[in-house]
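Structure below is final.txt: compact mmCIF, C-alpha atoms.
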# COMPACT_ATOMS: atom_id res chain seq x y z
CA MET A 1 304.56 24.27 10.72
CA ALA A 2 301.42 23.15 12.43
CA SER A 3 301.39 23.37 16.17
CA ASP A 4 299.94 20.64 18.36
CA ALA A 5 299.53 22.93 21.34
CA PRO A 6 295.91 23.15 22.57
CA ASP A 7 294.02 26.41 22.02
CA PRO A 8 294.45 28.73 24.96
CA ALA A 9 291.39 28.97 27.22
CA PRO A 10 289.23 32.00 26.33
CA GLU A 11 289.96 34.97 28.53
CA PRO A 12 287.13 35.98 30.84
CA ASP A 13 285.26 39.17 29.81
CA PRO A 14 286.81 42.17 31.47
CA ALA A 15 284.72 43.70 34.24
CA PRO A 16 282.37 46.33 32.82
CA ASP A 17 283.77 49.84 33.06
CA ARG A 18 281.48 51.64 35.46
CA SER A 19 283.42 54.86 35.38
CA TRP A 20 281.82 57.89 33.72
CA PRO A 21 283.08 59.77 31.85
CA ARG A 22 285.75 57.33 30.63
CA GLY A 23 288.49 57.03 33.12
CA LYS A 24 286.75 58.94 35.87
CA PRO A 25 284.68 57.32 38.61
CA PHE A 26 280.92 57.82 38.25
CA ASP A 27 279.39 59.91 41.02
CA PRO A 28 275.65 59.60 41.64
CA TRP A 29 275.82 62.98 43.38
CA LEU A 30 276.01 64.59 39.96
CA LEU A 31 272.61 63.22 38.95
CA LEU A 32 271.18 64.01 42.34
CA ALA A 33 272.40 67.61 42.12
CA ALA A 34 270.96 67.95 38.60
CA ALA A 35 267.57 66.57 39.67
CA ALA A 36 267.48 68.72 42.83
CA THR A 37 268.36 71.89 40.89
CA PHE A 38 265.68 71.17 38.30
CA VAL A 39 263.02 70.50 40.94
CA VAL A 40 263.93 73.56 43.04
CA LEU A 41 263.89 75.87 40.01
CA SER A 42 260.56 74.42 38.79
CA LEU A 43 258.97 74.84 42.22
CA ALA A 44 260.35 78.38 42.54
CA SER A 45 258.88 79.30 39.13
CA GLU A 46 255.56 77.76 40.07
CA VAL A 47 255.43 79.78 43.30
CA ALA A 48 256.49 82.95 41.48
CA SER A 49 253.84 82.37 38.77
CA ARG A 50 251.13 81.91 41.40
CA ARG A 51 252.09 85.14 43.12
CA ALA A 52 252.30 86.96 39.79
CA ALA A 53 248.82 85.77 38.78
CA ARG A 54 247.32 86.66 42.16
CA SER A 55 248.81 90.14 42.19
CA GLY A 56 247.96 90.88 38.54
CA PHE A 57 251.64 91.24 37.69
CA TRP A 58 251.18 90.02 34.09
CA TYR A 59 247.89 91.82 33.49
CA ARG A 60 249.24 95.19 34.60
CA ARG A 61 252.36 95.00 32.45
CA LEU A 62 251.38 93.07 29.36
CA ASP A 63 248.51 93.25 26.91
CA PHE A 64 246.75 89.91 26.59
CA ALA A 65 243.71 91.39 24.85
CA GLY A 66 242.55 89.21 21.99
CA THR A 67 243.44 85.82 23.42
CA VAL A 68 242.07 83.52 26.06
CA THR A 69 244.15 80.45 26.75
CA SER A 70 242.24 78.41 29.31
CA LEU A 71 239.33 78.50 31.73
CA PRO A 72 241.51 78.87 34.88
CA GLU A 73 243.51 81.68 33.26
CA LEU A 74 240.33 83.47 32.26
CA LYS A 75 238.93 83.14 35.80
CA GLU A 76 242.18 84.50 37.23
CA ARG A 77 242.13 87.49 34.88
CA ILE A 78 238.48 88.24 35.66
CA ARG A 79 239.06 87.96 39.42
CA TRP A 80 241.95 90.42 39.22
CA ALA A 81 240.09 92.85 36.93
CA ALA A 82 236.94 92.73 39.07
CA ALA A 83 238.95 94.07 42.01
CA GLN A 84 240.10 97.12 40.01
CA PRO A 85 238.38 100.52 40.30
CA ARG A 86 235.05 100.74 38.42
CA PRO A 87 235.62 97.51 36.48
CA ALA A 88 234.18 97.02 33.00
CA PHE A 89 234.53 93.96 30.81
CA LEU A 90 234.62 93.95 27.02
CA LEU A 91 233.19 90.84 25.39
CA GLY A 92 233.27 90.19 21.67
CA ASP A 93 235.26 88.74 18.80
CA SER A 94 238.14 89.85 16.59
CA VAL A 95 236.46 93.25 16.09
CA LEU A 96 238.05 94.18 19.43
CA GLY A 97 241.47 92.68 18.74
CA ALA A 98 244.61 93.24 16.71
CA SER A 99 244.51 90.34 14.26
CA ALA A 100 242.85 92.18 11.37
CA LEU A 101 245.21 95.15 11.71
CA LEU A 102 248.15 92.73 11.67
CA GLU A 103 246.74 90.96 8.64
CA HIS A 104 246.55 94.29 6.84
CA GLY A 105 250.21 95.06 7.39
CA ALA A 106 250.37 96.96 10.70
CA LYS A 107 253.40 96.27 12.88
CA ALA A 108 252.66 94.29 16.02
CA ALA A 109 253.02 97.23 18.43
CA ALA A 110 250.92 99.56 16.26
CA ALA A 111 248.29 96.87 15.78
CA ARG A 112 247.98 96.24 19.50
CA SER A 113 247.73 99.91 20.36
CA GLY A 114 245.23 100.60 17.55
CA THR A 115 242.56 98.12 18.59
CA LEU A 116 239.10 99.02 19.76
CA ALA A 117 239.89 97.42 23.13
CA ALA A 118 243.09 99.45 23.51
CA PHE A 119 241.35 102.76 22.74
CA VAL A 120 238.48 102.01 25.12
CA ARG A 121 240.91 100.94 27.84
CA ARG A 122 243.13 104.02 27.54
CA ARG A 123 240.27 106.51 27.40
CA ALA A 124 238.38 104.87 30.26
CA ALA A 125 241.52 104.89 32.40
CA ARG A 126 241.49 108.71 32.22
CA ASP A 127 238.11 108.62 33.97
CA GLY A 128 239.34 106.17 36.59
CA ARG A 129 237.63 103.13 35.08
CA HIS A 130 239.43 99.85 34.48
CA VAL A 131 238.42 98.12 31.25
CA GLU A 132 239.44 94.50 30.71
CA SER A 133 239.01 92.95 27.28
CA LEU A 134 237.96 89.31 27.41
CA ALA A 135 237.32 89.23 23.69
CA ALA A 136 239.08 86.76 21.43
CA ASP A 137 239.19 85.95 17.76
CA GLY A 138 236.31 83.91 16.44
CA MET A 139 234.13 84.11 19.54
CA LEU A 140 230.46 83.28 19.07
CA VAL A 141 227.36 84.01 21.14
CA ALA A 142 227.79 80.88 23.28
CA ASP A 143 231.38 81.94 24.05
CA LEU A 144 230.09 85.34 25.16
CA GLU A 145 227.53 83.66 27.40
CA ALA A 146 230.27 81.56 29.01
CA VAL A 147 232.51 84.58 29.62
CA SER A 148 229.60 86.64 30.91
CA ARG A 149 228.76 83.91 33.44
CA LEU A 150 232.40 83.80 34.52
CA THR A 151 232.41 87.56 35.18
CA ARG A 152 229.24 87.16 37.25
CA ASP A 153 230.69 84.30 39.30
CA ALA A 154 234.13 85.84 39.81
CA ALA A 155 233.13 89.39 40.66
CA PRO A 156 232.35 89.62 44.37
CA GLU A 157 229.70 92.26 43.70
CA PRO A 158 228.02 91.61 40.36
CA ASN A 159 226.26 94.96 40.65
CA ARG A 160 229.59 96.77 40.39
CA ARG A 161 230.56 95.24 37.08
CA LEU A 162 229.77 96.78 33.72
CA LEU A 163 229.64 94.61 30.64
CA LEU A 164 230.04 95.70 27.04
CA LEU A 165 228.82 92.97 24.76
CA ILE A 166 229.85 93.55 21.15
CA LEU A 167 227.72 91.34 18.91
CA ASN A 168 228.72 90.73 15.32
CA VAL A 169 226.52 89.75 12.37
CA ARG A 170 228.74 86.71 11.68
CA MET A 171 227.89 85.27 15.13
CA PHE A 172 224.33 84.57 13.98
CA ALA A 173 225.24 83.07 10.60
CA SER A 174 223.70 79.68 9.97
CA GLU A 175 227.07 77.89 9.74
CA PHE A 176 227.69 78.58 13.44
CA GLN A 177 224.27 77.53 14.67
CA GLU A 178 224.85 73.78 14.68
CA PRO A 179 225.32 72.87 18.36
CA GLU A 180 228.72 71.26 17.65
CA LYS A 181 230.01 74.44 16.02
CA SER A 182 228.45 77.02 18.29
CA LEU A 183 231.42 77.37 20.64
CA SER A 184 234.81 78.59 19.40
CA ARG A 185 236.78 77.20 22.33
CA GLU A 186 235.87 73.88 23.84
CA PHE A 187 237.17 74.74 27.31
CA LEU A 188 234.45 77.40 27.62
CA ALA A 189 231.83 74.64 27.65
CA GLY A 190 232.74 74.22 31.33
CA ALA A 191 231.26 77.67 32.07
CA LEU A 192 227.94 77.07 30.32
CA PRO A 193 224.79 75.58 31.85
CA SER A 194 224.56 71.87 31.21
CA GLY A 195 222.89 71.05 27.92
CA ALA A 196 223.67 74.44 26.37
CA VAL A 197 226.17 72.85 23.98
CA PRO A 198 227.15 69.21 23.48
CA PRO A 199 229.82 68.31 26.06
CA PRO A 200 233.29 68.06 24.52
CA GLU A 201 234.54 64.55 23.94
CA SER A 202 236.92 63.35 26.59
CA PHE A 203 240.21 62.77 24.79
CA LEU A 204 243.46 62.38 26.70
CA GLU A 205 245.09 64.97 24.44
CA ARG A 206 242.53 67.52 25.65
CA THR A 207 241.93 66.48 29.24
CA VAL A 208 245.58 66.12 30.26
CA PRO A 209 246.61 69.67 29.18
CA GLU A 210 243.41 71.03 30.76
CA TRP A 211 244.22 69.28 34.03
CA ALA A 212 247.80 70.55 33.84
CA VAL A 213 246.91 74.22 33.31
CA GLU A 214 244.28 74.01 36.04
CA HIS A 215 246.88 72.90 38.57
CA SER A 216 249.97 74.78 37.42
CA ALA A 217 250.25 78.57 37.37
CA LEU A 218 253.56 78.19 35.53
CA LEU A 219 251.83 76.43 32.63
CA ARG A 220 249.08 79.07 32.60
CA ALA A 221 251.66 81.87 32.57
CA SER A 222 253.67 80.25 29.79
CA ALA A 223 250.55 79.76 27.66
CA MET A 224 249.66 83.44 28.15
CA LEU A 225 253.17 84.64 27.38
CA LYS A 226 253.30 82.43 24.31
CA SER A 227 250.23 84.21 22.99
CA LEU A 228 252.23 87.45 22.91
CA TRP A 229 254.54 86.23 20.12
CA TYR A 230 252.42 83.48 18.57
CA PHE A 231 249.55 85.87 17.95
CA PRO A 232 246.75 84.98 17.40
CA THR A 233 248.03 81.43 16.81
CA ARG A 234 251.41 79.83 16.22
CA ARG A 235 250.48 79.10 12.61
CA ASP A 236 249.71 82.80 11.97
CA PHE A 237 253.05 83.77 13.48
CA PHE A 238 255.01 81.45 11.16
CA ARG A 239 252.94 82.54 8.16
CA ARG A 240 253.75 86.20 8.90
CA VAL A 241 257.45 85.35 9.21
CA ALA A 242 257.35 83.41 5.93
CA GLU A 243 255.59 86.31 4.19
CA ARG A 244 258.22 88.74 5.43
CA VAL A 245 260.96 86.57 3.95
CA LEU A 246 259.27 85.25 0.82
CA GLY A 247 256.81 88.05 0.17
CA ALA A 248 253.04 88.05 0.51
CA ASP A 249 251.32 84.93 -0.68
CA GLY A 250 248.73 85.67 -3.33
CA ASP A 251 247.20 88.65 -5.03
CA PRO A 252 245.44 91.01 -2.55
CA GLU A 253 242.53 91.42 -4.99
CA ILE A 254 242.03 87.67 -5.18
CA GLN A 255 242.25 87.47 -1.37
CA GLU A 256 239.59 90.15 -1.01
CA ALA A 257 237.39 88.41 -3.55
CA ALA A 258 237.77 85.15 -1.59
CA LEU A 259 236.86 86.96 1.63
CA ARG A 260 233.79 88.51 0.00
CA LEU A 261 232.71 85.08 -1.15
CA LYS A 262 233.30 83.62 2.31
CA VAL A 263 231.35 86.25 4.23
CA ALA A 264 228.54 86.80 1.70
CA GLY A 265 226.40 84.22 3.49
CA TYR A 266 226.58 86.17 6.75
CA TYR A 267 224.52 88.92 5.14
CA ARG A 268 222.09 86.64 3.32
CA ASP A 269 221.22 84.02 5.98
CA ARG A 270 217.90 84.42 7.71
CA TRP A 271 218.50 84.40 11.45
CA ASP A 272 216.78 81.61 13.32
CA LEU A 273 215.40 82.51 16.74
CA SER A 274 215.48 78.87 17.83
CA SER A 275 219.19 78.52 17.02
CA THR A 276 221.91 77.86 19.59
CA GLY A 277 223.18 81.43 19.28
CA PHE A 278 219.82 83.04 20.05
CA ARG A 279 219.20 80.63 22.94
CA SER A 280 222.57 81.66 24.38
CA LEU A 281 221.73 85.33 23.86
CA ASP A 282 218.39 84.82 25.59
CA ARG A 283 220.02 83.33 28.72
CA THR A 284 222.74 85.99 28.71
CA LEU A 285 220.28 88.89 28.47
CA ARG A 286 218.02 87.52 31.19
CA ASP A 287 221.01 87.04 33.46
CA LEU A 288 222.40 90.51 32.72
CA ALA A 289 219.06 92.24 33.14
CA ALA A 290 218.79 90.83 36.64
CA THR A 291 222.28 91.56 37.88
CA THR A 292 224.37 93.89 35.81
CA SER A 293 224.70 97.18 34.02
CA ALA A 294 225.38 96.19 30.46
CA VAL A 295 225.61 97.71 27.03
CA VAL A 296 224.91 95.44 24.06
CA VAL A 297 225.96 96.71 20.65
CA LEU A 298 225.54 95.21 17.20
CA THR A 299 228.90 96.18 15.76
CA PRO A 300 229.27 98.28 12.58
CA GLN A 301 229.37 96.46 9.25
CA ASN A 302 231.01 97.62 6.05
CA PRO A 303 228.17 98.60 3.68
CA ASP A 304 230.34 97.56 0.71
CA PHE A 305 230.23 93.93 1.85
CA VAL A 306 226.49 93.72 2.46
CA ASP A 307 225.26 91.72 -0.51
CA ASP A 308 221.64 91.72 0.47
CA PRO A 309 220.75 94.90 2.44
CA GLU A 310 217.11 93.82 2.72
CA ALA A 311 218.04 90.53 4.41
CA LEU A 312 220.32 92.35 6.85
CA ARG A 313 217.61 94.91 7.63
CA ARG A 314 215.16 92.08 8.37
CA ASN A 315 217.68 90.30 10.59
CA ARG A 316 218.49 93.48 12.47
CA ALA A 317 214.79 94.05 13.13
CA THR A 318 214.54 90.46 14.40
CA LEU A 319 217.46 90.97 16.78
CA ASP A 320 216.13 94.31 17.96
CA ALA A 321 212.70 92.83 18.76
CA PHE A 322 214.31 89.79 20.41
CA VAL A 323 216.49 91.89 22.71
CA ARG A 324 213.74 94.32 23.67
CA SER A 325 211.24 91.55 24.37
CA ARG A 326 213.55 90.13 27.05
CA GLY A 327 212.86 93.00 29.45
CA LEU A 328 216.11 94.91 29.31
CA GLY A 329 216.35 96.05 32.93
CA ARG A 330 219.76 97.64 33.25
CA VAL A 331 220.80 96.53 29.77
CA ARG A 332 221.00 99.03 26.93
CA TYR A 333 220.94 97.85 23.33
CA ARG A 334 222.20 99.76 20.29
CA ASP A 335 222.20 98.65 16.67
CA TRP A 336 225.26 100.34 15.19
CA SER A 337 225.54 98.14 12.12
CA GLU A 338 225.16 101.18 9.83
CA ARG A 339 227.26 103.49 11.98
CA PHE A 340 230.37 103.97 9.80
CA PRO A 341 231.06 104.53 6.09
CA SER A 342 233.10 101.94 4.20
CA ASP A 343 236.35 103.96 4.32
CA ARG A 344 236.62 103.26 8.06
CA PHE A 345 236.86 99.50 7.45
CA LEU A 346 239.68 97.09 6.68
CA ASP A 347 237.22 94.43 5.50
CA HIS A 348 233.60 93.45 6.21
CA CYS A 349 233.57 94.25 9.94
CA HIS A 350 237.07 95.15 11.22
CA LEU A 351 237.78 98.85 11.48
CA THR A 352 240.98 100.75 10.75
CA ALA A 353 242.86 102.17 13.74
CA ALA A 354 241.23 105.57 13.07
CA GLY A 355 237.83 103.88 12.89
CA ASN A 356 238.52 102.07 16.16
CA ARG A 357 239.38 105.38 17.85
CA GLU A 358 236.09 106.87 16.75
CA TYR A 359 234.16 103.71 17.70
CA ALA A 360 235.80 103.69 21.16
CA GLY A 361 234.79 107.31 21.75
CA GLU A 362 231.17 106.53 20.92
CA LEU A 363 231.17 103.42 23.11
CA LEU A 364 232.49 105.40 26.06
CA ARG A 365 229.90 108.12 25.58
CA LEU A 366 227.27 105.36 25.63
CA ILE A 367 228.70 103.86 28.82
CA GLU A 368 228.75 107.16 30.64
CA GLU A 369 225.27 108.24 29.53
CA MET B 1 288.00 71.58 45.08
CA THR B 2 287.22 67.93 45.80
CA ALA B 3 285.89 65.61 43.08
CA ARG B 4 282.51 65.41 44.80
CA ARG B 5 282.15 69.17 44.90
CA ARG B 6 283.08 69.35 41.25
CA HIS B 7 280.38 66.79 40.46
CA LEU B 8 277.81 68.65 42.54
CA ALA B 9 278.60 71.87 40.68
CA ALA B 10 278.40 70.06 37.34
CA GLY B 11 275.08 68.51 38.42
CA ALA B 12 273.67 71.91 39.38
CA ALA B 13 274.75 73.29 36.01
CA LEU B 14 273.12 70.33 34.26
CA GLY B 15 269.92 70.86 36.28
CA LEU B 16 269.89 74.56 35.33
CA LEU B 17 270.37 73.65 31.68
CA LEU B 18 267.51 71.15 31.83
CA PHE B 19 265.28 73.74 33.46
CA LEU B 20 266.07 76.29 30.75
CA VAL B 21 265.24 73.70 28.09
CA PHE B 22 261.96 73.00 29.93
CA LEU B 23 261.14 76.73 29.99
CA ALA B 24 261.98 77.09 26.29
CA ILE B 25 259.63 74.19 25.49
CA LEU B 26 256.87 75.81 27.56
CA LEU B 27 257.31 79.20 25.92
CA PHE B 28 257.97 78.25 22.33
CA ALA B 29 256.51 74.81 21.66
CA GLY B 30 253.33 72.93 22.32
CA GLU B 31 249.76 74.13 22.15
CA LEU B 32 248.46 73.99 25.70
CA SER B 33 245.51 76.17 24.82
CA SER B 34 244.58 74.33 21.67
CA SER B 35 241.25 75.39 20.32
CA LYS B 36 239.48 73.06 18.01
CA PHE B 37 237.38 75.69 16.31
CA ILE B 38 238.39 79.26 15.79
CA TYR B 39 236.50 80.93 13.03
CA VAL B 40 238.26 83.99 11.78
CA ASP B 41 237.51 85.94 8.64
CA PHE B 42 240.16 88.36 7.42

Conversion result in structure tokens:
Amino acid sequence: MASDAPDPAPEPDPAPDRSWPRGKPFDPWLLLAAAATFVVLSLASEVASRRAARSGFWYRRLDFAGTVTSLPELKERIRWAAAQPRPAFLLGDSVLGASALLEHGAKAAAARSGTLAAFVRRRAARDGRHVESLAADGMLVADLEAVSRLTRDAAPEPNRRLLLLILNVRMFASEFQEPEKSLSREFLAGALPSGAVPPPESFLERTVPEWAVEHSALLRASAMLKSLWYFPTRRDFFRRVAERVLGADGDPEIQEAALRLKVAGYYRDRWDLSSTGFRSLDRTLRDLAATTSAVVVLTPQNPDFVDDPEALRRNRATLDAFVRSRGLGRVRYRDWSERFPSDRFLDHCHLTAAGNREYAGELLRLIEE
Amino acid sequence: MTARRRHLAAGAALGLLLFLVFLAILLFAGELSSSKFIYVDF
């Protein structure tokens, strides 16, 4: 039966439920307490990180050799190391670090303790000398110039510092002489004289992190600590993990053949004295000769990888004449490119742990001469 | 324990949790030191 009664008036919407969680009254003190705790803990970590950096807490306990994460971190490390007894700085590329040993199957701890930098550091410590490695994978001559200038600026008495500059044949290869490719890490451009390399483009994705690490010791510390497990890069870390689970990717013989192909040019290219690398070396040597005791070494090369011995001999003579013509002052130069037989090498220029031990001994003898 | 104290304690726990997440992000994610060019030959 149809009803004639009018539709009931719609009920007003119920008042929104402001309680949180359901059924309990919302208390803004909860959010306030959460925010205050977060801010207090962040500030406390920032203060602790600043004190740790200033006192060398990280550098004394952990081995950061082989990585540089930012300009402020590098300056901090140099400032701390310069205040140590009889400070010496090692500058170079992956020849000094653990990456090649890791790549050839060494465990992380064994790789880190079997590097050239580690052997030099341990042996020098017996004689009361502190050696700090500022070397990092892939560094080129312009990088070395930047780091050398930082050591000069940070050390209160430049005359006290000793620099070991380990040059590698690959640093002078033509592919790295284009100004845009002559620096391995863009942040180091800030330590070079203006015009030495093209200034890095100013992208937000680069400038914001740079600003952040400059102003926060916590960010600097976390970037350094991260380099301990993501060594030398995060991608390498995940590749190593994948290889452990899935097995090595590719035939080692094919990998070696690919490497030989890749590096063959290093030993064939004719070195160009007007290139960015040589201009950087020129400024570095002039600066060192005036202020610092330094040892410059052309690092050993595996004779098995040298495709064109005549080209390498010519290039070595060019470098030798270039260095000596700069008026060496307190700088000593040694060409050790033919120093070791091929059985001491892992590849074209990285030595085995036993080779590194021998190399370190010879470097130290050279320093103490 | 009053309701407000309970909420303050819960807030402090939440803040601690957020801070730990922040630390984990700093230590395990992100590339603050990104390098455009690293030439390595192994």

Identify which of the residues A:Ala52, A:Leu228, A:Ala290, A:Val306 lies closest to chain B, counting only C-alpha atoms when measuring atom-to-atom distances.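 The shortest atom-to-atom distance to chain B comes from A:Leu228.
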
Within 8 Å of chain B, which residues of chain A are there when counting only C-alpha atoms? Please give them as a PyMOL selection string. chain A and resi 27+29-38+41-42+69-70+94+100+103+137-139+181+183-186+209-210+213+219+222-223+225-226+259+262-263+347

Counting all atoms listed in the file, which residues come within 12 Å of (233.9, 109.3, 15.4), with the point read in the file's coordinates, and could you list them as a CSV table (one decimal) with C-alpha atoms, in the frame of the given file?
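So point-v6.csv came out as:
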chain,number,residue,atom,x,y,z
A,339,ARG,CA,227.3,103.5,12.0
A,340,PHE,CA,230.4,104.0,9.8
A,341,PRO,CA,231.1,104.5,6.1
A,344,ARG,CA,236.6,103.3,8.1
A,351,LEU,CA,237.8,98.8,11.5
A,353,ALA,CA,242.9,102.2,13.7
A,354,ALA,CA,241.2,105.6,13.1
A,355,GLY,CA,237.8,103.9,12.9
A,356,ASN,CA,238.5,102.1,16.2
A,357,ARG,CA,239.4,105.4,17.8
A,358,GLU,CA,236.1,106.9,16.8
A,359,TYR,CA,234.2,103.7,17.7
A,360,ALA,CA,235.8,103.7,21.2
A,361,GLY,CA,234.8,107.3,21.8
A,362,GLU,CA,231.2,106.5,20.9
A,363,LEU,CA,231.2,103.4,23.1
A,364,LEU,CA,232.5,105.4,26.1
A,365,ARG,CA,229.9,108.1,25.6

Separation of CA of Ala191 in chain A from CA of Leu165 in chain A, in Å and rounded to one decimal: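 So the answer is 17.1 Å.
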
How many Å lie between CA of Ser49 in chain A and CA of Arg220 in chain A, rounded to one decimal? 8.5 Å

Mind pulling up the distance from CA of Thr291 in chain A to CA of Gly128 in chain A? 22.5 Å

Contact residues around Ala173 in chain A with all atoms listed in the file at 10 Å, ignoring same-chain residues under 2 positions, as a PDB file with C-alpha atoms, in the frame of the given file:
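And here's out.pdb as it stands now:
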ATOM      1  CA  LEU A 140     230.460  83.280  19.070  1.00  0.00           C
ATOM      2  CA  ASN A 168     228.720  90.730  15.320  1.00  0.00           C
ATOM      3  CA  VAL A 169     226.520  89.750  12.370  1.00  0.00           C
ATOM      4  CA  ARG A 170     228.740  86.710  11.680  1.00  0.00           C
ATOM      5  CA  MET A 171     227.890  85.270  15.130  1.00  0.00           C
ATOM      6  CA  GLU A 175     227.070  77.890   9.740  1.00  0.00           C
ATOM      7  CA  PHE A 176     227.690  78.580  13.440  1.00  0.00           C
ATOM      8  CA  GLN A 177     224.270  77.530  14.670  1.00  0.00           C
ATOM      9  CA  VAL A 263     231.350  86.250   4.230  1.00  0.00           C
ATOM     10  CA  GLY A 265     226.400  84.220   3.490  1.00  0.00           C
ATOM     11  CA  TYR A 266     226.580  86.170   6.750  1.00  0.00           C
ATOM     12  CA  TYR A 267     224.520  88.920   5.140  1.00  0.00           C
ATOM     13  CA  ARG A 268     222.090  86.640   3.320  1.00  0.00           C
ATOM     14  CA  ASP A 269     221.220  84.020   5.980  1.00  0.00           C
ATOM     15  CA  ARG A 270     217.900  84.420   7.710  1.00  0.00           C
ATOM     16  CA  TRP A 271     218.500  84.400  11.450  1.00  0.00           C
ATOM     17  CA  ASP A 272     216.780  81.610  13.320  1.00  0.00           C
ATOM     18  CA  SER A 275     219.190  78.520  17.020  1.00  0.00           C
ATOM     19  CA  GLY A 277     223.180  81.430  19.280  1.00  0.00           C
TER      20      GLY A 277
END
